[in-house]
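In what follows, a structure is listed as structure tokens, so that the remarks can point back to it.
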Amino acid sequence: MFEFPRKNNPPRNQSHSPERKPLPFIPDPHPTPVQKSGKRTEPNRFHQSTGTNPIKQKDPQQPTPHREHDQADQTEKKPAFRSRDEWKNRTSPHIKDGRPSAFAPRKKFQPVRQEKMGVAPLPQVGKDVIRIVPLGGQEEVGRNMTVFEYGRDIVIVDMGLQWPEEDMPGIDYIVPNASYLKGKEKNIRGVIFTHGHLDHIGAAPILLRQLGYPPIIGRDLTLALELKPIRIQHLQDTFRLGQFQIKFFEVEHSIMDAVGIILTTPAGSIIHMGDWTITNEPIDPRPITYTHLTDLPKPTTLMLESLGALKKGLPPSEREVHENFKNLLKNAPGRIIIGTFASQIRRIGYILEYAEELGKRVALEGYSMKTNIEIAKELGYLKMKKETLIPIQDVHKYPDERIVIICTGAQGESNAALSRIVTDNHRFIKLQKNDTIVFSSSIIPGNERSIQRLKDNLYRKCDNVIHTDLMEIHIGGHSTALGIEEVLRQVKPTYFVPVYANHYFLKESAKIALRMNFSQKNIFVLDNGNVLEIGKEKAGILPKKADTSYVFVDGLGVGDVSQIVLRDRKVLADDGMVVVIVQVDRRTGSLVGSPDIVSRGFIFMKEHKDLIEATRKKVRTLMADHDPRSQADTDYIKDTIRNELGTFLFKQTERRPMILPVVIEV
């Protein structure tokens with residue numbers, strides 16, 4: 001097992017995995033699997049009766065079965081799960097007669113509305129060539145999704161969402177653009193998820209529906225958080241998806257059940273690490289090494305998440321972090337309120353264990369926190385005495401020194417539990433001066449101001465606020481540059497492709513490989529939509545790109561908000577709006593009465609009566625220029641008011657509000 005060299009005061013690592021309320025799952029229209037006898041088979045019994053996963057590979061040379069179109073697949077109804085065991089061990093609804101639904105009928109692709117980018121069609125995949133197409137994750141943190149093609153077989157890794165940026169008002173989140181896969185739905189053999197963070201699985205309910213619900217593969221916690229599974233029961237499991245042979249290996253990350261993926265084809269092997277880290281002084285020192293990956297069929301391509309490429313030195317010591325938690329739970333005054341990510345299942349488990357040893361009671365607060373802990377309990381990942389966990393409304397029944405509250409909201413989200421507590425909007429928790437507040441999380445880029453505001457408010461109300469600037473109480477899930485060097489040294493890939501980060505992180509990761517004497521021609525830094533083709537003898541990027549334009553999700557709308565709509569929203573947010581209402585005579589086009597002027601977000605009308613009157617006078621002047629012998633042309637009147645009034649208001653205020661003319665014919 002690789003061990004970091006010892007140094008004093010190691011730099012902190014940061015986790016950029018978003019924590020938000022899980023998206024609603026869109027039900028799968030495909031039926032429950034049936035046996036050849038036609039009798040309904042409950043998912044967990046199906047696996048027990050066969051003893052293996054229905055699509056697990058038995059013979060590496062076994063040919064891919066032909067696609068079947070069975071009407072029973074479309075009419076059989078889905079049974080409800082009647083017990084927790086059945087729910088926990090449920091299998092994919094995409095299995096029929098021991099075959100994956102990659103070979104069953106699919107729904108036709110339903111494209112989302114989006115702007116046409118004029119992207120030229122890409123050529124067909126060549127013979128004995130692996131094609132890699134990142135549809136997201138190469139120019140941002142989030143929206144992670146990569147397409148792998150060999151021949152007529154397609155495998156997808158991850159379907160993540162991206163949180164909106166500051167210049168995207170009203171947008172809930174962004175999902176990958178799947179238009180590259182339009183017309184290829186029948187070739188998709190499976191979708192594999194590396195782990196359960198929303199930037200890797202959050203877009204699945206939307207994209208799986210668009211792609212006709214192909215089979216999905218992942219480990220227990222990943223699939224329980226969002227999806228319906230073909231479960232990876234053991235890391236030694238092997239799957240056959242067309243000509244792709246799929247294997248897995250363990251990686252360390254800030255969420256449990258994270259895996260790396262090996263995709264082997266006749267043209268070589270792809271190693272995809274997902275999100276990963278190498279723990280410094282782990283509590284559970286299991287040897288996790290990657291030297292076995294050097295024996296894969298050549299050429300090998302390593303796709304390595306590179307978000308920590310700029311972090312030098314070591315991540316914090318895991319032993320030190322948990323010793324600090326022990327001391328805090330034992331000695332901190334008042335109630336202990338811990339804000340952390342809901343995905344930190346293992347750390348929450350240690351906190352529950354320490355609290356139980358001290359005879360303390362733990363309350364959970366936050367939707368995602370309660371949901372994730374309940375799932376972890378169902379899967380057997382968390383075990384504690386029944387009396388250790390108490391409802392949040394019962395905290396007042398115990399002395400303050402015996403209460404620990406674990407909640408979401410350490411990123412300063414306005415509606416999260418910690419923000420409601422600090423603003424006195426929580427029903428059951430009122431902060432006291434002697435309470436101890438612990439921030440066990442890193443800062444997600446873009447949340448700096450909201451977190452600073454949250455800390456300011458907490459410091460005003462509490463005397464004991466603990467965060468990573470004062471004490472090592474958090475370990476992120478992304479390795480430092482030292483870890484990237486170690487993985488490259490162990491794996492020794494033929495080609496290196498840094499992934500899953502902003503472009504400058506990818507470039508810095510590529511520089512690490514160059515310093516280790518990798519050849520420049522064997523390192524590929526891809527943008528979203530780049531098409532990398534790898535053959536037995538050479539690899540290269542095609543000149544044409546796939547369409548990876550943003551697909552915005554706003555409420556129930558998917559892809560119906562374009563850049564033009566966002567531009568209008570930004571104009572309204574920056575300079576406001578002026579509505580001009582005029583009545584005109586239908587026969588002559590002359591003005592009837594006085595124009596009405598309404599301002600929203602531009603000026604406060606009661607304090608700028610002179611400007612309002614000048615604007616009204618300008619509209620009268622524009623209308624007076626109309627030929628009274630011709631009928632009213634409402635389109636011409638609107639254009640004139642919009643253009644001339646926009647110029648007039650800019651000269652008066654040096655602002656450019658949106659002008660909205662309303663012409664009423666009388």
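Letters A, B, ... mark the chains of the structure tokens in the order given; residue numbers begin at 1 per chain; ligand numbers begin at 1, in order shown.
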_I'd like the contact shell of A:Glu472 - 9 Å cut-off, only C-alpha atoms, skipping same-chain residues fewer than 5 positions apart - returned as a list in words._
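My list of contacting residues is Arg12, Pro316, Ser317, Glu320, Val321, His322, Asn324, Ser440 and His467 of chain A.
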*Excluding A:Cys407 and residues on its chain fewer than 4 positions from it, collect all residues at most 6 Å away from it, counting only C-alpha atoms, and give them as a list in words.*
Gly339, Leu364, Glu365 and Gly366 of chain A
Same residues, N, CA and C atoms, saved as a PDB file, in the first residue's frame:
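Writing the result to selection-v1.pdb gives the following:
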```pdb
ATOM      1  N   GLY A 339     -22.113  20.765  11.026  1.00  0.00           N
ATOM      2  CA  GLY A 339     -22.564  20.944   9.644  1.00  0.00           C
ATOM      3  C   GLY A 339     -21.621  20.221   8.701  1.00  0.00           C
ATOM      4  N   LEU A 364     -30.569  14.092  13.678  1.00  0.00           N
ATOM      5  CA  LEU A 364     -30.235  14.422  12.291  1.00  0.00           C
ATOM      6  C   LEU A 364     -31.209  15.468  11.778  1.00  0.00           C
ATOM      7  N   GLU A 365     -30.701  16.427  11.006  1.00  0.00           N
ATOM      8  CA  GLU A 365     -31.578  17.456  10.463  1.00  0.00           C
ATOM      9  C   GLU A 365     -31.137  17.792   9.043  1.00  0.00           C
ATOM     10  N   GLY A 366     -32.121  17.916   8.159  1.00  0.00           N
ATOM     11  CA  GLY A 366     -31.871  18.138   6.736  1.00  0.00           C
ATOM     12  C   GLY A 366     -32.402  16.966   5.934  1.00  0.00           C
TER      13      GLY A 366
END
```
_Give me, as a PyMOL selection string, all polymer residues having an atom no more than 12 Å from A:His474, counting only C-alpha atoms and skipping those fewer than 4 positions away in the same chain._
chain A and resi 11-15+254+315-325+338-341+344+347-348+410+438-443+466-470
With C-alpha atoms kept, could you save the residues just selected as a PDB file, in the first residue's frame?
```pdb
ATOM      1  CA  PRO A  11      -2.221  21.409   3.369  1.00  0.00           C
ATOM      2  CA  ARG A  12      -5.924  20.828   3.460  1.00  0.00           C
ATOM      3  CA  ASN A  13      -7.815  19.131   0.732  1.00  0.00           C
ATOM      4  CA  GLN A  14     -11.203  20.286  -0.429  1.00  0.00           C
ATOM      5  CA  SER A  15     -14.215  18.385  -1.646  1.00  0.00           C
ATOM      6  CA  SER A 254     -15.608  11.007   0.336  1.00  0.00           C
ATOM      7  CA  PRO A 315      -4.078  15.799   2.558  1.00  0.00           C
ATOM      8  CA  PRO A 316      -4.958  15.981   6.260  1.00  0.00           C
ATOM      9  CA  SER A 317      -4.355  12.880   8.362  1.00  0.00           C
ATOM     10  CA  GLU A 318      -7.548  10.864   8.750  1.00  0.00           C
ATOM     11  CA  ARG A 319      -6.437   9.711  12.194  1.00  0.00           C
ATOM     12  CA  GLU A 320      -5.891  13.313  13.297  1.00  0.00           C
ATOM     13  CA  VAL A 321      -9.333  14.374  12.044  1.00  0.00           C
ATOM     14  CA  HIS A 322     -11.092  11.639  13.976  1.00  0.00           C
ATOM     15  CA  GLU A 323      -9.049  12.259  17.121  1.00  0.00           C
ATOM     16  CA  ASN A 324     -10.162  15.884  16.929  1.00  0.00           C
ATOM     17  CA  PHE A 325     -13.788  14.755  16.646  1.00  0.00           C
ATOM     18  CA  ILE A 338     -22.006  19.658  13.177  1.00  0.00           C
ATOM     19  CA  GLY A 339     -22.564  20.944   9.644  1.00  0.00           C
ATOM     20  CA  THR A 340     -21.302  18.538   6.972  1.00  0.00           C
ATOM     21  CA  PHE A 341     -22.140  16.924   3.624  1.00  0.00           C
ATOM     22  CA  GLN A 344     -20.103  11.671   4.365  1.00  0.00           C
ATOM     23  CA  ARG A 347     -17.578  10.048   8.962  1.00  0.00           C
ATOM     24  CA  ILE A 348     -21.128  10.299  10.286  1.00  0.00           C
ATOM     25  CA  ALA A 410     -22.416  24.094   5.802  1.00  0.00           C
ATOM     26  CA  VAL A 438     -18.453  22.591  13.842  1.00  0.00           C
ATOM     27  CA  PHE A 439     -17.942  23.122  10.071  1.00  0.00           C
ATOM     28  CA  SER A 440     -16.812  19.700   8.819  1.00  0.00           C
ATOM     29  CA  SER A 441     -16.788  20.551   5.114  1.00  0.00           C
ATOM     30  CA  SER A 442     -14.769  22.355   2.502  1.00  0.00           C
ATOM     31  CA  ILE A 443     -15.867  25.298   0.371  1.00  0.00           C
ATOM     32  CA  ILE A 466     -14.795  25.421  14.872  1.00  0.00           C
ATOM     33  CA  HIS A 467     -13.733  25.193  11.211  1.00  0.00           C
ATOM     34  CA  THR A 468     -10.791  23.940   9.149  1.00  0.00           C
ATOM     35  CA  ASP A 469      -8.813  27.173   9.596  1.00  0.00           C
ATOM     36  CA  LEU A 470      -8.639  26.375  13.313  1.00  0.00           C
TER      37      LEU A 470
END
```
Kindly provide the residues of stretch 142-247 of chain A that approach stretch 371-393 of chain A to within 12 Å, each paired with its closest atom pair and their distance in Å to one decimal, based on only C-alpha atoms, listed by chain and increasing number, as JSON lines.
```
{"residue": "A:Gly196", "atom": "CA", "partner": "A:Asn372", "partner_atom": "CA", "distance": 10.5}
{"residue": "A:His197", "atom": "CA", "partner": "A:Asn372", "partner_atom": "CA", "distance": 11.4}
{"residue": "A:Arg219", "atom": "CA", "partner": "A:Leu379", "partner_atom": "CA", "distance": 11.1}
{"residue": "A:Asp220", "atom": "CA", "partner": "A:Leu379", "partner_atom": "CA", "distance": 7.6}
{"residue": "A:Leu221", "atom": "CA", "partner": "A:Ala376", "partner_atom": "CA", "distance": 7.2}
{"residue": "A:Thr222", "atom": "CA", "partner": "A:Ile375", "partner_atom": "CA", "distance": 10.4}
{"residue": "A:Leu223", "atom": "CA", "partner": "A:Ile375", "partner_atom": "CA", "distance": 10.5}
{"residue": "A:Ala224", "atom": "CA", "partner": "A:Ile375", "partner_atom": "CA", "distance": 7.0}
{"residue": "A:Leu225", "atom": "CA", "partner": "A:Asn372", "partner_atom": "CA", "distance": 7.2}
{"residue": "A:Glu226", "atom": "CA", "partner": "A:Asn372", "partner_atom": "CA", "distance": 10.7}
```
*For atom CA of A:Arg240 and atom CA of A:Glu533, the interatomic separation in Å (one decimal)*: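 Between atom CA of A:Arg240 and atom CA of A:Glu533 the gap is 21.5 Å.
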_Backbone-only DSSP, strand (DSSP E or B) members of stretch 338-557 of chain A, as a PyMOL selection string_ = chain A and resi 338-340+361-365+389-390+403-407+436-440+464-466+495-499+523+532-534+539-541+551-554+557
